[in-house]
Amino acid sequence: MMDIVTWLTEPFQHVFMVKALLVSSVVGGVCALLSCFMTLKGWALMGDAVSHAVLPGVVIAYALGLPFALGAFVFGVGSVAIIGLIKQSTRVKEDTAIGLVFTGFFALGLVLVSKVRSSVDLSHILFGNVLGIPPQDLQQTIVIAVLVLLVLLVFRRDLILFCFDPTHAQSIGISTGFLHYLLLSSLSLAAVAGLQTVGIILVVAMLVTPGATAYLLTDSFLTMGWLAVASGVFSSVVGTYVSYWSDASPAGCIVLVQTLLFVAAMVLAPKHGLLGRKTIRPFSR
C-alpha cells in the first residue's frame, strides 16, 4: 500500500501538477472570499448567471486573438446590465430575468463555439483545464485573482455594510450603486479566473459553496471569511490530489470536496447544524 509521503510528494515531480495546485489554490481562496459576500447578499443566482454568460465573450476573444479575460468580463458585466434593464422595464421579476439572460448568453456561446474557428476546446471552457493551462493563461488567471482579492480587501468595510444593510449604507453617504457594480465586476472577474480551474459550469460552486459552508459555522464575518478561504484552498488541493490519483476530472473532484464539506457543516455545525439544533432544542423551551 502506498505510504502517505509518496501520496503527498509524487505530484510535485510533475510541472503540470505544481501549476494545477498553485492556480487552483489561488483561485479557490479568492472565489471563497468573494462567496462570503455573495452568500450574505443572496446572489447565488447572479453568480450562476454571470458564470454562464461569459461563454460567448471567451469564444469571441479567442477568435480575435484577444485575452479571454477581456471578452469574458465585457459579457459578464453586460449580462448584469441586461438583467437590470429587464427588471426595471418589464413586469418580469429578477430571478426570471436572470434565467432568461444566462441561458440566452450560454446558448449564444454554444453556437459561436460550433461556428467560429479558433483553438477553443469546448470541454476546456465548460469543465476547466487546470492540468493543461498554458503559461500565459496561468499568469493571467493569477493576476485576475489577485486583483479581485485587492478589491475585496480595500473595500471590505463598505461591502460588508452594503451586504448587511444597503439602506443604512446609503444613509451615511456610501454610494451603494458603485458598490453594487463593483461587487458584480468582481464576480465577473472571479468567474473568468475560475473558468480555468473548474470551467463555466462548475465555477458557480466555487462562488457559493465555501461561503455557505462558513456561514453555517460562525456568526462573525471575519471568521466566516477565514473559514471560507480555508475551505476553498483545502478543496482545491485535495480535489486536485484526488483527481491525480484517481484519474478523474479535477473540476469535478474539487467541487465534490466542497460539497462534502458543506454537508459536514450542515450536519455537524455546533449552533446552526442539524445535530446542533437538536442538542439545544430542549434548553430553548
# chains A, B, ... in the order shown; residues from 1 in each chain; ligands from 1
$ residues_around --residues "Gly42 in chain A" --least-positions-apart "2" --cutoff "12 Å" --atoms "only C-alpha atoms" --output "NGL selection string"
:A and (35-40 or 44-48 or 95 or 163-164 or 207-208 or 211-212)
$ write_last_selection --atoms "C-alpha atoms" --output "mmCIF file, in the first residue's frame"
data_model
loop_
_atom_site.group_PDB
_atom_site.id
_atom_site.type_symbol
_atom_site.label_atom_id
_atom_site.label_comp_id
_atom_site.auth_asym_id
_atom_site.auth_seq_id
_atom_site.Cartn_x
_atom_site.Cartn_y
_atom_site.Cartn_z
ATOM 1 C CA SER A 35 -18.545 33.783 -1.897
ATOM 2 C CA CYS A 36 -18.967 35.225 1.616
ATOM 3 C CA PHE A 37 -20.294 38.452 0.130
ATOM 4 C CA MET A 38 -22.392 36.511 -2.381
ATOM 5 C CA THR A 39 -23.946 34.436 0.409
ATOM 6 C CA LEU A 40 -24.807 37.438 2.573
ATOM 7 C CA ALA A 44 -26.218 32.769 -5.764
ATOM 8 C CA LEU A 45 -28.389 33.004 -8.896
ATOM 9 C CA MET A 46 -26.477 36.082 -10.039
ATOM 10 C CA GLY A 47 -23.231 34.134 -9.781
ATOM 11 C CA ASP A 48 -24.744 31.366 -11.865
ATOM 12 C CA ASP A 95 -34.980 35.613 -10.836
ATOM 13 C CA CYS A 163 -24.425 43.326 2.005
ATOM 14 C CA PHE A 164 -25.925 43.545 5.506
ATOM 15 C CA LEU A 207 -18.570 31.232 -5.762
ATOM 16 C CA VAL A 208 -21.274 29.876 -3.452
ATOM 17 C CA GLY A 211 -19.304 30.939 1.805
ATOM 18 C CA ALA A 212 -22.388 28.847 2.523
#
$ closest_atom_pairs --of "range 177-231 of chain A" --to "range 61-85 of chain A" --cutoff "8 Å" --atoms "only C-alpha atoms" --output "Markdown table"
| residue | atom | partner | partner_atom | distance |
| --- | --- | --- | --- | --- |
| A:Leu184 | CA | A:Val77 | CA | 7.1 |
| A:Ser185 | CA | A:Val77 | CA | 6.3 |
| A:Ser188 | CA | A:Gly76 | CA | 5.2 |
| A:Leu189 | CA | A:Phe73 | CA | 6.1 |
| A:Val192 | CA | A:Ala69 | CA | 6.0 |
$ closest_atom_pairs --of "range 121-187 of chain A" --to "range 225-233 of chain A" --cutoff "12 Å" --atoms "only C-alpha atoms" --output "Markdown table"
| residue | atom | partner | partner_atom | distance |
| --- | --- | --- | --- | --- |
| A:Leu149 | CA | A:Val229 | CA | 11.3 |
| A:Leu152 | CA | A:Gly225 | CA | 11.1 |
| A:Leu153 | CA | A:Gly225 | CA | 11.1 |
| A:Arg156 | CA | A:Gly225 | CA | 10.9 |
| A:Ile160 | CA | A:Gly225 | CA | 11.2 |
$ write_last_selection --atoms "N, CA and C atoms" --output "mmCIF file, in the first residue's frame"
data_model
loop_
_atom_site.group_PDB
_atom_site.id
_atom_site.type_symbol
_atom_site.label_atom_id
_atom_site.label_comp_id
_atom_site.auth_asym_id
_atom_site.auth_seq_id
_atom_site.Cartn_x
_atom_site.Cartn_y
_atom_site.Cartn_z
ATOM 1 N N LEU A 149 -8.899 39.983 -5.179
ATOM 2 C CA LEU A 149 -8.568 39.959 -3.752
ATOM 3 C C LEU A 149 -8.296 41.362 -3.228
ATOM 4 N N LEU A 152 -11.568 43.345 -2.864
ATOM 5 C CA LEU A 152 -12.355 42.913 -1.711
ATOM 6 C C LEU A 152 -11.741 43.395 -0.401
ATOM 7 N N LEU A 153 -10.414 43.412 -0.324
ATOM 8 C CA LEU A 153 -9.760 43.852 0.902
ATOM 9 C C LEU A 153 -9.847 45.364 1.087
ATOM 10 N N ARG A 156 -13.587 46.263 1.835
ATOM 11 C CA ARG A 156 -14.267 45.240 2.634
ATOM 12 C C ARG A 156 -15.289 45.844 3.594
ATOM 13 N N ILE A 160 -19.198 44.991 3.252
ATOM 14 C CA ILE A 160 -19.888 44.260 4.328
ATOM 15 C C ILE A 160 -21.162 44.991 4.726
#
$ closest_atom_pairs --of "range 26-132 of chain A" --to "range 255-276 of chain A" --cutoff "12 Å" --atoms "only C-alpha atoms" --output "CSV"
residue,atom,partner,partner_atom,distance
A:Gly28,CA,A:Gln258,CA,10.2
A:Ala32,CA,A:Gln258,CA,10.4
A:Phe127,CA,A:Val255,CA,11.1
A:Gly128,CA,A:Val255,CA,11.9
$ residues_around --residues "range 244-254 of chain A" --least-positions-apart "2" --cutoff "8 Å" --atoms "only C-alpha atoms" --output "count of residues only"
20
